[in-house]
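**Q** Before I ask anything, here is the structure I am working with.
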Amino acid sequence: MSTIMFSDVRGVLNDLNEKLAGEKANETLEGLKKFLRGENPFETVTTTAKWEVREGVIYVTLPASEGITGPQWIKRLKKKDLRVSEYAEGLLKSKDFKPTTGVVHKLAILSGKTFSDSERITRTIRAEGKKRGWDELNPEAICILRENFSDKELEAMGFYWIVGIHEPIEVGGDPHFLVAARHDDGSWLGATWADPGYGWRGSSAFAWSLPQVST
């Protein structure tokens, strides 16, 4: 087996450093991560995920569900360098997390700024979705959203957190919602308290389900 000397790769490393410092640094880094995982770094991932804004509401169409279980989501997201919080792991491992197959989740997302500070509590938020005729979603939709939307896209929407409004799932003795979040330390799938009187920040957003279509 031949030995590769530093002098043989110095030029390649210099080229890589230049690309990582360039305008397409994020694309280069993602390609490098794919290569290290044994994936094709030049493969373009096709997704049907898309979003649009109408009358102050963001409407999202996600790729069809694939029957991925909660424990499988934990492994899948972590493999893609997404972080999964301890409480999110507990929620995903719950018997109340029920995956589907072939369901196209269509979501309506409402900014937390829709509500005044005093009204931005779980009870009021859930009531607003019901008043608008939206359904509470299957938590797997938040997993699919987190996988398919980058932090830049969440930022373009204007949110740090997108909270899935679903039937709360108990973790550690308390009810929780699943959350797609972006933070300074990376991209997260988290879970947060779903107590009826819990107050939320204006930087949050809340997601409900629209009528779904099976493929």
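Chain labels run A, B, ... following the order of the structure tokens; each chain numbers its residues from 1, and ligands are numbered from 1 in the order shown.
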Do a neighbour search on A:Asp117 at 12 Å with only C-alpha atoms, toss out local chain neighbours closer than 4 positions, and write the hits as a compact mmCIF listing (two decimals) with N, CA and C atoms, in the first residue's frame.
**A**
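Listing of out.txt after writing:
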```
# COMPACT_ATOMS: atom_id res chain seq x y z
N GLY A 112 -46.04 33.89 15.78
CA GLY A 112 -46.37 34.23 17.16
C GLY A 112 -46.74 35.70 17.32
N LYS A 113 -46.29 36.54 16.38
CA LYS A 113 -46.59 37.97 16.45
C LYS A 113 -48.05 38.26 16.14
N ILE A 121 -50.39 32.32 24.60
CA ILE A 121 -50.29 31.15 25.48
C ILE A 121 -50.89 29.95 24.76
N THR A 122 -50.52 28.77 25.19
CA THR A 122 -50.92 27.54 24.50
C THR A 122 -52.43 27.44 24.31
N THR A 124 -54.79 29.70 24.13
CA THR A 124 -55.31 30.65 23.14
C THR A 124 -54.87 30.29 21.74
N ILE A 125 -53.62 29.84 21.61
CA ILE A 125 -53.08 29.48 20.31
C ILE A 125 -53.83 28.29 19.71
N TYR A 198 -48.93 28.02 29.23
CA TYR A 198 -47.53 28.33 28.92
C TYR A 198 -47.44 29.47 27.92
N GLY A 199 -46.57 30.46 28.19
CA GLY A 199 -46.41 31.61 27.32
C GLY A 199 -45.27 31.43 26.33
N TRP A 200 -45.43 32.04 25.14
CA TRP A 200 -44.46 31.88 24.05
C TRP A 200 -43.89 33.23 23.63
N ARG A 201 -42.71 33.18 23.02
CA ARG A 201 -42.07 34.38 22.49
C ARG A 201 -42.63 34.71 21.10
N GLY A 202 -42.53 35.97 20.73
CA GLY A 202 -43.00 36.40 19.42
C GLY A 202 -42.19 35.83 18.28
N SER A 203 -40.98 35.36 18.55
CA SER A 203 -40.13 34.77 17.50
C SER A 203 -40.53 33.34 17.17
N SER A 204 -41.49 32.81 17.91
CA SER A 204 -41.99 31.47 17.63
C SER A 204 -43.06 31.51 16.54
```
**Q** If we count only C-alpha atoms, what is near A:Thr101 at a cut-off of 7 Å, once residues fewer than 6 positions away on the same chain are taken out, given as a PyMOL selection string?
**A** chain A and resi 65-67
**Q** Could you list, as a ChimeraX atom specification, every residue within 7 Å of A:Ile165, counting only C-alpha atoms and ignoring same-chain residues fewer than 5 positions away?
**A** /A:136-137,177,206-208
**Q** Put those residues in a file: N, CA and C atoms, as a CSV table (one decimal), in the first residue's frame.
**A**
```csv
chain,number,residue,atom,x,y,z
A,136,GLU,N,-55.2,19.8,14.3
A,136,GLU,CA,-53.9,19.6,14.9
A,136,GLU,C,-53.2,18.5,14.2
A,137,LEU,N,-51.9,18.6,14.0
A,137,LEU,CA,-51.1,17.8,13.1
A,137,LEU,C,-50.6,16.5,13.7
A,177,PHE,N,-44.9,19.5,23.0
A,177,PHE,CA,-45.0,19.6,21.6
A,177,PHE,C,-43.7,19.4,20.9
A,206,PHE,N,-46.4,28.7,14.9
A,206,PHE,CA,-47.2,27.6,15.3
A,206,PHE,C,-47.8,26.9,14.0
A,207,ALA,N,-47.7,25.6,13.9
A,207,ALA,CA,-48.1,24.9,12.7
A,207,ALA,C,-49.2,24.0,13.0
A,208,TRP,N,-50.2,24.0,12.0
A,208,TRP,CA,-51.4,23.1,12.1
A,208,TRP,C,-51.4,22.3,10.7
```
**Q** Could you tell me how far atom CA of A:Leu77 lies from atom CA of A:Ile162, in Å and to one decimal?
**A**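 One can read the atom CA of A:Leu77 to atom CA of A:Ile162 distance as 16.7 Å.
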**Q** Mind checking which residues fall within 12 Å of A:Ile68, counting only C-alpha atoms, ignoring those fewer than 2 positions away in the same chain, and posting them as a list in words?
**A**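 In the requested format, the answer is Ala64, Ser65, Glu66, Gly70, Pro71, Gln72, Trp73, Ile74, Lys75, Arg76, Leu77, Leu92, Lys93, Phe97, Lys98, Pro99, Thr100, Thr101, Gly102, Val103, Pro139, Glu140, Ala141, Cys143 and Ile144 of chain A.
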**Q** Next, dump the selected residues to file, keeping only N, CA and C atoms, as an mmCIF file, in the first residue's frame.
**A**
```
data_model
loop_
_atom_site.group_PDB
_atom_site.id
_atom_site.type_symbol
_atom_site.label_atom_id
_atom_site.label_comp_id
_atom_site.auth_asym_id
_atom_site.auth_seq_id
_atom_site.Cartn_x
_atom_site.Cartn_y
_atom_site.Cartn_z
ATOM 1 N N ALA A 64 -44.059 13.361 0.822
ATOM 2 C CA ALA A 64 -44.904 12.318 1.408
ATOM 3 C C ALA A 64 -44.173 11.572 2.527
ATOM 4 N N SER A 65 -44.933 11.191 3.546
ATOM 5 C CA SER A 65 -44.358 10.448 4.674
ATOM 6 C C SER A 65 -43.922 9.059 4.216
ATOM 7 N N GLU A 66 -42.924 8.496 4.931
ATOM 8 C CA GLU A 66 -42.323 7.233 4.512
ATOM 9 C C GLU A 66 -42.441 6.138 5.571
ATOM 10 N N GLY A 70 -40.320 6.771 15.227
ATOM 11 C CA GLY A 70 -39.629 7.763 16.047
ATOM 12 C C GLY A 70 -38.147 7.458 16.226
ATOM 13 N N PRO A 71 -37.780 6.243 16.674
ATOM 14 C CA PRO A 71 -36.356 5.912 16.815
ATOM 15 C C PRO A 71 -35.585 6.031 15.509
ATOM 16 N N GLN A 72 -36.239 5.716 14.382
ATOM 17 C CA GLN A 72 -35.582 5.866 13.080
ATOM 18 C C GLN A 72 -35.346 7.334 12.751
ATOM 19 N N TRP A 73 -36.287 8.202 13.146
ATOM 20 C CA TRP A 73 -36.090 9.640 12.925
ATOM 21 C C TRP A 73 -34.883 10.143 13.712
ATOM 22 N N ILE A 74 -34.706 9.666 14.915
ATOM 23 C CA ILE A 74 -33.564 10.094 15.730
ATOM 24 C C ILE A 74 -32.259 9.803 14.990
ATOM 25 N N LYS A 75 -32.115 8.584 14.496
ATOM 26 C CA LYS A 75 -30.897 8.200 13.786
ATOM 27 C C LYS A 75 -30.754 8.968 12.473
ATOM 28 N N ARG A 76 -31.865 9.126 11.768
ATOM 29 C CA ARG A 76 -31.838 9.771 10.455
ATOM 30 C C ARG A 76 -31.431 11.242 10.560
ATOM 31 N N LEU A 77 -32.010 11.943 11.503
ATOM 32 C CA LEU A 77 -31.690 13.366 11.648
ATOM 33 C C LEU A 77 -30.260 13.578 12.144
ATOM 34 N N LEU A 92 -40.251 11.063 20.601
ATOM 35 C CA LEU A 92 -40.192 10.196 19.435
ATOM 36 C C LEU A 92 -40.240 8.708 19.810
ATOM 37 N N LYS A 93 -39.809 8.390 21.007
ATOM 38 C CA LYS A 93 -39.831 6.995 21.463
ATOM 39 C C LYS A 93 -41.167 6.610 22.111
ATOM 40 N N PHE A 97 -46.351 8.374 19.375
ATOM 41 C CA PHE A 97 -45.825 8.849 18.097
ATOM 42 C C PHE A 97 -46.158 7.805 17.042
ATOM 43 N N LYS A 98 -47.003 8.175 16.090
ATOM 44 C CA LYS A 98 -47.529 7.194 15.133
ATOM 45 C C LYS A 98 -47.197 7.628 13.700
ATOM 46 N N PRO A 99 -46.230 6.951 13.083
ATOM 47 C CA PRO A 99 -45.855 7.304 11.704
ATOM 48 C C PRO A 99 -46.915 6.890 10.687
ATOM 49 N N THR A 100 -46.891 7.535 9.540
ATOM 50 C CA THR A 100 -47.774 7.192 8.432
ATOM 51 C C THR A 100 -46.928 6.947 7.187
ATOM 52 N N THR A 101 -47.568 6.432 6.166
ATOM 53 C CA THR A 101 -46.884 6.205 4.891
ATOM 54 C C THR A 101 -47.715 6.807 3.764
ATOM 55 N N GLY A 102 -47.071 7.574 2.898
ATOM 56 C CA GLY A 102 -47.741 8.122 1.729
ATOM 57 C C GLY A 102 -48.651 9.298 1.992
ATOM 58 N N VAL A 103 -48.494 9.948 3.132
ATOM 59 C CA VAL A 103 -49.324 11.117 3.450
ATOM 60 C C VAL A 103 -48.539 12.388 3.147
ATOM 61 N N PRO A 139 -47.309 14.636 14.744
ATOM 62 C CA PRO A 139 -45.962 15.137 15.051
ATOM 63 C C PRO A 139 -44.902 14.785 14.010
ATOM 64 N N GLU A 140 -45.113 13.706 13.232
ATOM 65 C CA GLU A 140 -44.111 13.355 12.224
ATOM 66 C C GLU A 140 -43.918 14.481 11.206
ATOM 67 N N ALA A 141 -44.947 15.321 11.037
ATOM 68 C CA ALA A 141 -44.835 16.427 10.082
ATOM 69 C C ALA A 141 -43.709 17.380 10.471
ATOM 70 N N CYS A 143 -40.946 16.492 12.035
ATOM 71 C CA CYS A 143 -39.709 15.801 11.656
ATOM 72 C C CYS A 143 -39.422 16.012 10.168
ATOM 73 N N ILE A 144 -40.448 15.852 9.336
ATOM 74 C CA ILE A 144 -40.275 16.013 7.888
ATOM 75 C C ILE A 144 -39.908 17.453 7.567
#
```
